[in-house]
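Structure file my_file.txt (compact mmCIF, C-alpha atoms and all ligand atoms) follows.
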# COMPACT_ATOMS: atom_id res chain seq x y z
CA MET A 1 32.71 10.91 -16.04
CA LEU A 2 29.74 12.48 -14.36
CA ILE A 3 30.78 15.59 -12.48
CA SER A 4 28.54 17.04 -9.80
CA ILE A 5 28.71 20.65 -8.79
CA VAL A 6 27.65 21.10 -5.18
CA ALA A 7 26.87 24.65 -4.12
CA PRO A 8 25.39 25.75 -0.78
CA CYS A 9 23.24 28.86 -1.15
CA TYR A 10 22.17 31.11 1.66
CA ASN A 11 20.35 34.27 0.60
CA GLU A 12 21.89 34.18 -2.85
CA GLU A 13 18.85 35.16 -4.97
CA ALA A 14 20.91 37.88 -6.62
CA VAL A 15 23.64 35.63 -7.94
CA VAL A 16 22.52 32.03 -8.06
CA ALA A 17 21.00 32.31 -11.54
CA ARG A 18 24.18 33.90 -12.83
CA PHE A 19 26.18 31.24 -11.10
CA HIS A 20 24.12 28.61 -12.84
CA ALA A 21 24.61 30.26 -16.23
CA GLU A 22 28.36 30.19 -15.65
CA VAL A 23 28.52 26.54 -14.63
CA GLN A 24 26.32 25.66 -17.61
CA ARG A 25 28.96 27.23 -19.80
CA VAL A 26 31.56 25.07 -18.07
CA ALA A 27 29.39 22.02 -18.71
CA GLU A 28 29.32 22.85 -22.42
CA GLU A 29 33.08 23.11 -22.37
CA LEU A 30 33.45 19.73 -20.69
CA LEU A 31 30.86 17.85 -22.76
CA PRO A 32 33.13 17.30 -25.80
CA LEU A 33 35.73 15.84 -23.42
CA GLY A 34 33.25 13.16 -22.41
CA HIS A 35 32.09 14.63 -19.11
CA ASP A 36 28.47 15.06 -18.10
CA MET A 37 27.48 17.41 -15.34
CA GLU A 38 24.82 17.72 -12.70
CA PHE A 39 24.19 20.62 -10.36
CA VAL A 40 23.22 20.15 -6.75
CA TYR A 41 22.07 23.32 -5.04
CA VAL A 42 21.37 23.35 -1.34
CA ASP A 43 19.20 26.18 -0.11
CA ASP A 44 20.26 26.61 3.48
CA GLY A 45 17.00 28.08 4.76
CA SER A 46 17.38 31.34 2.86
CA ARG A 47 15.10 34.20 3.84
CA ASP A 48 14.97 35.59 0.33
CA ARG A 49 13.73 34.08 -2.94
CA THR A 50 16.65 31.71 -3.43
CA LEU A 51 14.38 28.64 -3.40
CA THR A 52 12.05 30.15 -5.99
CA VAL A 53 15.02 30.83 -8.22
CA LEU A 54 16.29 27.28 -7.73
CA LYS A 55 12.91 25.82 -8.63
CA ARG A 56 12.85 27.91 -11.79
CA LEU A 57 16.35 26.73 -12.68
CA ALA A 58 15.29 23.13 -12.12
CA GLU A 59 12.33 23.55 -14.47
CA ALA A 60 14.56 24.97 -17.16
CA ASP A 61 17.43 22.54 -16.75
CA GLN A 62 16.95 18.81 -16.11
CA ARG A 63 20.39 18.51 -14.57
CA VAL A 64 19.53 20.82 -11.67
CA ARG A 65 18.77 19.22 -8.35
CA TYR A 66 17.93 21.21 -5.29
CA VAL A 67 17.47 20.52 -1.60
CA SER A 68 15.95 23.14 0.66
CA PHE A 69 16.37 23.14 4.43
CA SER A 70 13.60 23.89 6.91
CA ARG A 71 15.78 26.63 8.38
CA ASN A 72 19.36 27.84 8.28
CA PHE A 73 21.54 24.95 9.40
CA GLY A 74 24.86 26.45 8.35
CA LYS A 75 27.19 25.90 5.47
CA GLU A 76 28.71 22.72 6.85
CA ALA A 77 25.31 21.05 6.98
CA ALA A 78 24.53 22.33 3.49
CA LEU A 79 27.76 20.84 2.20
CA LEU A 80 26.96 17.51 3.79
CA ALA A 81 23.51 17.47 2.21
CA GLY A 82 24.98 18.43 -1.15
CA LEU A 83 27.56 15.66 -1.04
CA GLY A 84 24.88 13.18 0.01
CA HIS A 85 22.74 14.06 -2.99
CA ALA A 86 25.54 14.19 -5.53
CA SER A 87 25.86 11.09 -7.66
CA GLY A 88 28.88 12.12 -9.72
CA ASP A 89 32.13 10.22 -10.13
CA ALA A 90 33.72 13.45 -9.03
CA VAL A 91 32.21 16.30 -7.09
CA VAL A 92 33.25 19.93 -7.23
CA VAL A 93 32.29 21.83 -4.09
CA MET A 94 32.00 25.56 -4.56
CA ASP A 95 30.29 28.68 -3.20
CA ALA A 96 27.31 30.00 -5.12
CA ASP A 97 28.33 33.63 -4.64
CA LEU A 98 30.78 33.50 -7.60
CA GLN A 99 33.76 33.96 -5.33
CA HIS A 100 34.88 30.56 -6.54
CA PRO A 101 35.37 31.18 -10.27
CA PRO A 102 33.56 28.44 -12.25
CA GLY A 103 36.15 28.96 -14.99
CA LEU A 104 38.63 26.99 -12.89
CA VAL A 105 36.53 23.84 -12.91
CA PRO A 106 37.89 22.38 -16.19
CA ARG A 107 41.41 22.68 -14.84
CA MET A 108 40.35 20.88 -11.67
CA VAL A 109 38.72 18.15 -13.71
CA ARG A 110 41.89 17.71 -15.77
CA LEU A 111 43.91 17.27 -12.59
CA GLY A 112 41.29 14.86 -11.27
CA GLU A 113 41.66 12.79 -14.43
CA GLN A 114 45.38 12.60 -13.80
CA GLY A 115 44.57 10.60 -10.71
CA TYR A 116 44.32 13.14 -7.92
CA ASP A 117 41.52 12.44 -5.47
CA GLN A 118 41.40 15.97 -4.19
CA VAL A 119 42.14 19.03 -6.25
CA ILE A 120 42.19 22.18 -4.17
CA ALA A 121 41.82 25.63 -5.68
CA ARG A 122 43.55 27.75 -3.10
CA ARG A 123 42.74 31.42 -3.01
CA THR A 124 45.34 34.07 -2.41
CA ARG A 125 44.57 36.84 0.04
CA HIS A 126 44.93 39.47 -2.65
CA GLY A 127 42.85 42.60 -1.98
CA GLU A 128 42.11 41.74 1.62
CA GLY A 129 42.81 43.96 4.60
CA ALA A 130 46.33 43.74 5.98
CA VAL A 131 45.04 43.00 9.47
CA ARG A 132 42.88 40.11 8.35
CA THR A 133 45.68 38.65 6.24
CA ALA A 134 48.14 38.87 9.11
CA THR A 135 45.66 37.37 11.57
CA ALA A 136 44.97 34.50 9.21
CA ARG A 137 48.69 33.85 8.69
CA LEU A 138 49.28 33.78 12.42
CA TYR A 139 46.28 31.58 13.02
CA TYR A 140 47.34 28.96 10.50
CA ARG A 141 50.90 28.90 11.74
CA LEU A 142 49.66 28.41 15.29
CA VAL A 143 46.91 25.94 14.56
CA ASN A 144 49.08 23.71 12.38
CA ARG A 145 51.51 23.29 15.22
CA LEU A 146 48.68 22.21 17.47
CA ILE A 147 46.37 19.97 15.52
CA ASP A 148 46.75 16.60 13.85
CA VAL A 149 45.57 17.46 10.34
CA GLU A 150 47.16 20.12 8.19
CA LEU A 151 45.18 23.23 7.36
CA VAL A 152 46.40 25.43 4.54
CA ASP A 153 45.57 29.13 4.39
CA GLY A 154 43.13 29.80 1.56
CA ALA A 155 42.56 26.12 0.88
CA GLY A 156 38.90 25.97 1.76
CA ASP A 157 35.87 24.31 0.31
CA PHE A 158 36.59 25.00 -3.34
CA ARG A 159 37.78 21.58 -4.37
CA LEU A 160 37.22 18.62 -6.58
CA LEU A 161 36.67 15.38 -4.70
CA SER A 162 36.79 11.91 -6.18
CA ARG A 163 33.96 9.51 -5.43
CA ARG A 164 35.98 7.67 -2.81
CA VAL A 165 36.79 10.92 -1.02
CA VAL A 166 33.11 11.91 -1.08
CA ASP A 167 32.13 8.55 0.38
CA ALA A 168 34.81 8.88 3.02
CA VAL A 169 33.65 12.36 4.00
CA LEU A 170 30.06 11.14 4.14
CA SER A 171 31.06 8.30 6.43
CA LEU A 172 32.23 10.84 9.00
CA THR A 173 28.94 11.49 10.73
CA GLU A 174 30.12 13.79 13.48
CA HIS A 175 27.91 16.68 14.39
CA ASN A 176 30.68 19.24 14.70
CA ARG A 177 31.72 19.50 11.11
CA PHE A 178 34.82 21.43 10.26
CA SER A 179 35.08 20.44 6.62
CA LYS A 180 38.46 21.99 5.99
CA GLY A 181 39.81 19.62 8.59
CA LEU A 182 37.64 16.69 7.51
CA PHE A 183 38.87 16.90 3.91
CA SER A 184 42.40 17.04 5.16
CA TRP A 185 41.81 14.15 7.55
CA VAL A 186 40.48 11.94 4.76
CA GLY A 187 43.69 12.29 2.80
CA PHE A 188 44.24 10.48 -0.56
CA PRO A 189 46.44 11.98 -3.28
CA THR A 190 45.90 15.72 -3.19
CA THR A 191 47.10 18.59 -5.30
CA ALA A 192 46.49 22.32 -5.21
CA PHE A 193 46.83 25.39 -7.35
CA ALA A 194 46.36 29.04 -6.45
CA TYR A 195 43.95 31.57 -7.88
CA GLU A 196 43.48 35.27 -7.30
CA ASN A 197 40.94 36.08 -4.60
CA VAL A 198 37.64 37.49 -5.92
CA ALA A 199 35.65 40.00 -3.92
CA ARG A 200 31.96 39.38 -3.24
CA GLU A 201 29.71 41.27 -5.66
CA HIS A 202 26.30 41.01 -4.03
CA GLY A 203 25.15 40.82 -0.47
CA HIS A 204 27.43 40.34 2.48
CA SER A 205 29.69 37.62 3.65
CA SER A 206 27.89 35.88 6.48
CA TRP A 207 31.08 35.98 8.54
CA THR A 208 31.26 38.22 11.54
CA PHE A 209 34.35 38.68 13.65
CA ARG A 210 32.81 36.55 16.35
CA GLY A 211 31.87 33.93 13.81
CA LEU A 212 35.45 33.78 12.60
CA LEU A 213 36.75 33.53 16.14
CA ASN A 214 34.43 30.64 16.89
CA TYR A 215 35.31 28.98 13.60
CA GLY A 216 38.96 29.28 14.55
CA LEU A 217 38.29 27.68 17.92
CA ASP A 218 36.35 24.87 16.25
CA GLY A 219 39.30 24.18 14.01
CA LEU A 220 41.56 24.05 16.99
CA LEU A 221 39.34 21.81 19.09
CA SER A 222 37.85 19.48 16.50
CA PHE A 223 40.95 17.52 15.68
CA ASN A 224 42.84 16.82 18.85
CA ASN A 225 42.83 16.78 22.59
CA ARG A 226 45.96 18.86 22.96
CA PRO A 227 44.25 21.71 24.82
CA LEU A 228 43.30 19.18 27.50
CA ARG A 229 46.87 17.97 27.57
CA ALA A 230 48.07 21.55 27.81
CA ALA A 231 45.75 22.17 30.76
CA LEU A 232 47.24 19.17 32.50
CA TYR A 233 50.79 20.37 31.95
CA LEU A 234 49.94 23.88 33.03
CA GLY A 235 48.40 22.49 36.21
CA LEU A 236 51.50 20.44 36.92
CA ALA A 237 53.77 23.42 36.29
CA LEU A 238 51.71 25.55 38.67
CA LEU A 239 51.81 22.84 41.29
CA LEU A 240 55.58 22.72 41.00
CA CYS A 241 55.83 26.51 41.38
CA ALA A 242 53.50 26.43 44.36
CA GLY A 243 55.60 23.69 45.99
CA GLY A 244 58.80 25.66 45.46
CA TYR A 245 57.30 28.86 46.74
CA THR A 246 55.84 27.17 49.85
CA THR A 247 59.17 25.56 50.69
CA TRP A 248 60.87 28.91 50.35
CA ILE A 249 58.33 30.65 52.62
CA VAL A 250 58.55 27.94 55.27
CA ILE A 251 62.34 28.09 55.30
CA ALA A 252 62.25 31.89 55.43
CA ALA A 253 59.82 31.71 58.37
CA LEU A 254 62.06 29.25 60.21
CA VAL A 255 65.16 31.36 59.63
CA ASP A 256 63.80 34.90 59.99
CA GLY A 257 60.63 34.29 61.98
CA VAL A 258 57.13 35.03 60.70
CA ARG A 259 56.56 38.29 58.86
CA THR A 260 52.86 38.78 58.28
CA PRO A 261 52.65 41.19 55.30
CA GLY A 262 51.93 39.32 52.09
CA TYR A 263 48.75 40.92 50.86
CA VAL A 264 50.01 41.43 47.31
CA THR A 265 51.27 37.86 47.07
CA ILE A 266 47.99 36.45 48.28
CA ILE A 267 45.80 38.57 46.03
CA THR A 268 47.99 37.82 43.02
CA ALA A 269 47.97 34.11 43.73
CA VAL A 270 44.22 33.95 44.34
CA THR A 271 43.20 35.92 41.26
CA ALA A 272 45.74 34.38 38.91
CA LEU A 273 44.94 30.85 40.00
CA ALA A 274 41.21 31.50 39.77
CA GLY A 275 41.77 32.72 36.22
CA VAL A 276 43.78 29.69 35.28
CA GLN A 277 41.15 27.40 36.74
CA MET A 278 38.38 29.11 34.84
CA VAL A 279 40.29 28.73 31.59
CA MET A 280 40.87 25.05 32.26
CA LEU A 281 37.23 24.56 33.13
CA GLY A 282 36.43 26.28 29.86
CA VAL A 283 38.61 23.85 27.95
CA ILE A 284 36.95 20.88 29.61
CA GLY A 285 33.57 22.50 29.05
CA GLU A 286 34.28 22.87 25.33
CA TYR A 287 34.97 19.18 24.98
CA THR A 288 32.02 18.21 27.15
CA GLY A 289 29.80 20.46 25.05
CA ARG A 290 30.99 18.68 21.93
CA ILE A 291 30.24 15.31 23.47
CA TYR A 292 26.80 16.61 24.42
CA TYR A 293 26.00 17.49 20.83
CA GLU A 294 27.46 14.27 19.48
CA VAL A 295 25.48 11.96 21.76
CA LYS A 296 22.19 13.60 20.88
CA ARG A 297 22.61 12.24 17.37
CA ARG A 298 20.27 14.76 15.90
CA PRO A 299 20.10 14.91 12.13
CA HIS A 300 22.44 17.47 10.63
CA PHE A 301 19.58 19.17 8.81
CA LEU A 302 15.91 18.88 7.97
CA VAL A 303 14.66 19.07 4.42
CA LYS A 304 11.66 21.22 3.55
CA ALA A 305 11.59 20.72 -0.20
CA ALA A 306 13.70 18.85 -2.73
CA ASN A 307 13.49 17.45 -6.23
CA THR A 308 16.00 14.73 -5.47
CA GLU A 309 16.72 11.85 -3.12
CA PRO A 310 20.03 11.16 -1.40
CA ALA A 311 22.26 9.06 -3.63
CA GLN A 312 21.71 5.38 -2.87
CA GLY A 313 23.89 3.11 -0.81
CA ARG A 314 25.86 5.77 0.93
CA PRO A 315 26.41 5.47 4.65
CA ALA A 316 26.13 9.21 4.88
CA LEU A 317 23.02 10.51 6.41
CA ASP A 318 22.14 7.63 8.67
CA THR A 319 22.20 9.30 12.03
CA THR A 320 19.72 6.86 13.52
CA LYS A 321 22.21 4.08 14.14
CA ASP A 322 22.77 3.24 17.78
CA LEU A 323 25.94 4.50 19.32
CA ILE A 324 26.60 1.11 20.87
CA PRO A 325 25.57 -1.69 18.52
N1 LIG B 401 26.30 29.69 3.11
C1 LIG B 401 25.37 28.74 3.52
N2 LIG B 401 24.86 28.81 4.79
C2 LIG B 401 25.24 29.77 5.68
C3 LIG B 401 26.19 30.73 5.25
C4 LIG B 401 26.70 30.66 3.97
O1 LIG B 401 25.01 27.85 2.76
O2 LIG B 401 24.72 29.78 6.79
C5 LIG B 401 26.84 29.64 1.73
C6 LIG B 401 26.75 30.93 0.94
O3 LIG B 401 25.54 31.02 0.24
C7 LIG B 401 27.92 30.82 0.00
C8 LIG B 401 28.94 30.04 0.81
O4 LIG B 401 28.22 29.37 1.82
O5 LIG B 401 27.61 30.08 -1.17
C9 LIG B 401 30.00 30.94 1.42
O6 LIG B 401 29.41 31.91 2.25
P1 LIG B 401 29.97 33.39 2.37
O7 LIG B 401 30.17 33.96 1.01
O8 LIG B 401 29.06 34.11 3.29
O9 LIG B 401 31.36 33.14 3.07
P2 LIG B 401 32.81 33.65 2.59
O10 LIG B 401 32.85 33.56 1.10
O11 LIG B 401 32.94 35.04 3.08
O12 LIG B 401 33.74 32.69 3.25
MG MG B 402 31.64 34.21 -0.23
Take the structure I supplied and represent it as structure tokens, if you would.
Amino acid sequence: MLISIVAPCYNEEAVVARFHAEVQRVAEELLPLGHDMEFVYVDDGSRDRTLTVLKRLAEADQRVRYVSFSRNFGKEAALLAGLGHASGDAVVVMDADLQHPPGLVPRMVRLGEQGYDQVIARRTRHGEGAVRTATARLYYRLVNRLIDVELVDGAGDFRLLSRRVVDAVLSLTEHNRFSKGLFSWVGFPTTAFAYENVAREHGHSSWTFRGLLNYGLDGLLSFNNRPLRAALYLGLALLLCAGGYTTWIVIAALVDGVRTPGYVTIITAVTALAGVQMVMLGVIGEYTGRIYYEVKRRPHFLVKAANTEPAQGRPALDTTKDLIP
């Protein structure tokens, strides 16, 4: 089997060489078992010397392939590019910051050989702040009740994918890529094992609180139209309440005569309803915004430099096809 390692790198000059040394060691371990390896690094428009390091690695090691973006297009785009350039029978997707221990790869490969199409290395939340852990727990519980695919806490991008899963993921050309959900949507026999969370050694995680919040919203909105449905139901419920309340007021007026005071009621109704309407507009706007980005059909990324071509015959990166044939 040829196994491809796909690693997106954004400002990872400090670790990417060490990462490569570690995966090389894994390759040596796997060679006697009849597995070859290739390494696909995607430089996601880094501002540091990541590309220089990658070029040096490629000179020293024939199996290194790199793709460098014209600017930062985000990890999802980098993943897509990496998968498109990987030619392995199985692909292991992992972060280049050594938070995904390369030592786990042989175990993933073994499970892949047993016939699993997806092998997920799921990280525990060991050593993370209590607040973040609790928020994540809550989020996953909530989101899994709402969306159509199943998301598992800690089961992220560190996974082994069989060729057919890679091809399936590549055939999903949507612009809004939420790979956690995409992998889960694709399906095929899947297994998982847990590993202890590793803290980042160099640099910073590129996640900000706002980034996480938006990521969470993406997860919620990318896989269903339930928020739209919810808006509809909420509207109907409000209408029902309004009808009931109006009836009551009219009857009260007929029985007791008109009593003018009602300032609080009116203000409450006006502000609350305005709020609800804004939220619903927001929900609709979110979906419209997604449609807007999808219909533009822009490429997911632009390549500035590369020592490799996309693997042949894959439907993947063809974003030029007409929407309506
Ligand atoms: N990454 C990327 N593009 C980005 C941000 C991150 O390719 O815009 C890469 C980064 O180099 C790393 C992986 O994605 O290999 C995970 O990023 P990070 O460590 O910042 O996220 P975390 O581990 O905190 O989820
Ligand atoms: Mg990281």
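You can rank A:His100, A:Arg177, A:His300, A:Arg229 by their closest distance to ligand LIG 401 (chain B) using only C-alpha atoms and all ligand atoms, and at the top of that list sits A:His100.
Counting all atoms listed in the file, Asp89 in chain A has the following residues at most 12 Å away, ignoring those fewer than 6 positions along the same chain: Met1, Leu2, Ile3, Ser4, Ile5, His35, Asp36, Met37, Glu38, Leu83, Val109, Gly112, Glu113, Asp117, Leu160, Leu161, Ser162, Arg163, Arg164, Val165, Val166, Asp167 and Ala311 of chain A.
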Given the selection you just returned, output its residues as a file containing C-alpha atoms, formatted as a tab-separated table (two decimals), in the coordinates of the input.
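Generated file (again21.tsv):
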chain	number	residue	atom	x	y	z
A	1	MET	CA	32.71	10.91	-16.04
A	2	LEU	CA	29.74	12.48	-14.36
A	3	ILE	CA	30.78	15.59	-12.48
A	4	SER	CA	28.54	17.04	-9.80
A	5	ILE	CA	28.71	20.65	-8.79
A	35	HIS	CA	32.09	14.63	-19.11
A	36	ASP	CA	28.47	15.06	-18.10
A	37	MET	CA	27.48	17.41	-15.34
A	38	GLU	CA	24.82	17.72	-12.70
A	83	LEU	CA	27.56	15.66	-1.04
A	109	VAL	CA	38.72	18.15	-13.71
A	112	GLY	CA	41.29	14.86	-11.27
A	113	GLU	CA	41.66	12.79	-14.43
A	117	ASP	CA	41.52	12.44	-5.47
A	160	LEU	CA	37.22	18.62	-6.58
A	161	LEU	CA	36.67	15.38	-4.70
A	162	SER	CA	36.79	11.91	-6.18
A	163	ARG	CA	33.96	9.51	-5.43
A	164	ARG	CA	35.98	7.67	-2.81
A	165	VAL	CA	36.79	10.92	-1.02
A	166	VAL	CA	33.11	11.91	-1.08
A	167	ASP	CA	32.13	8.55	0.38
A	311	ALA	CA	22.26	9.06	-3.63
Dump the neighbourhood of ligand LIG 401 (chain B) as a PyMOL selection string: all residues within 9 Å, distances computed on all atoms listed in the file.
chain A and resi 7-12+16+42-46+72-79+94-100+156-157+199-200+203-207
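The smallest atom-to-atom distance between Tyr139 in chain A and any of A:Leu217, A:Ile284, A:Leu104, A:Leu111, using all atoms listed in the file, is found for A:Leu217.
Neighbours of range 287-294 of chain A closer than or equal to 9 Å, with all atoms listed in the file counted and sequence neighbours fewer than 2 positions away skipped, come out as Glu174, His175, Asn176, Leu221, Ser222, Asn225, Leu228, Gly282, Val283, Ile284, Gly285, Lys296, Arg297 and Arg298 of chain A.
Considering the residues A:Arg226, A:Arg49, A:Arg123, A:Arg141 and counting only C-alpha atoms and all ligand atoms, ligand MG 402 (chain B) has its shortest atom-to-atom contact with A:Arg123.
Rounded to one decimal, CA of Thr52 in chain A and CA of Phe39 in chain A lie 16.0 Å from each other.
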One decimal, Å: what's the distance from CA of Gly262 in chain A over to CA of Leu234 in chain A, could you say?
24.6 Å
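Of the listed residues (A:Leu146, A:Ala305, A:Val295, A:Asp218), A:Ala305 comes nearest to Leu51 in chain A; the distances count all atoms listed in the file.
One distance worth recording is that between CA of Leu213 in chain A and CA of Gly154 in chain A, which is 16.3 Å.
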Val53 in chain A proximity check over A:Ala14, A:Ala86, A:Val23, A:Ile147, using only C-alpha atoms: winner is A:Ala14
Which residue gives the smallest distance to Arg65 in chain A among A:His20, A:Val105, A:His126, A:Leu80, with all atoms listed in the file counted?
A:His20
Is there a way to get, as a ChimeraX atom specification, all residues within 9 Å of the point (42.8, 19.7, 13.8) in file coordinates, counting all atoms listed in the file?
/A:143-144,146-151,178,181-182,185,218-224
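Residues lying within 8 Å of Leu302 in chain A, counting all atoms listed in the file and ignoring same-chain neighbours fewer than 3 positions away, are Phe69, Ser70, Arg71 and Pro299 of chain A.
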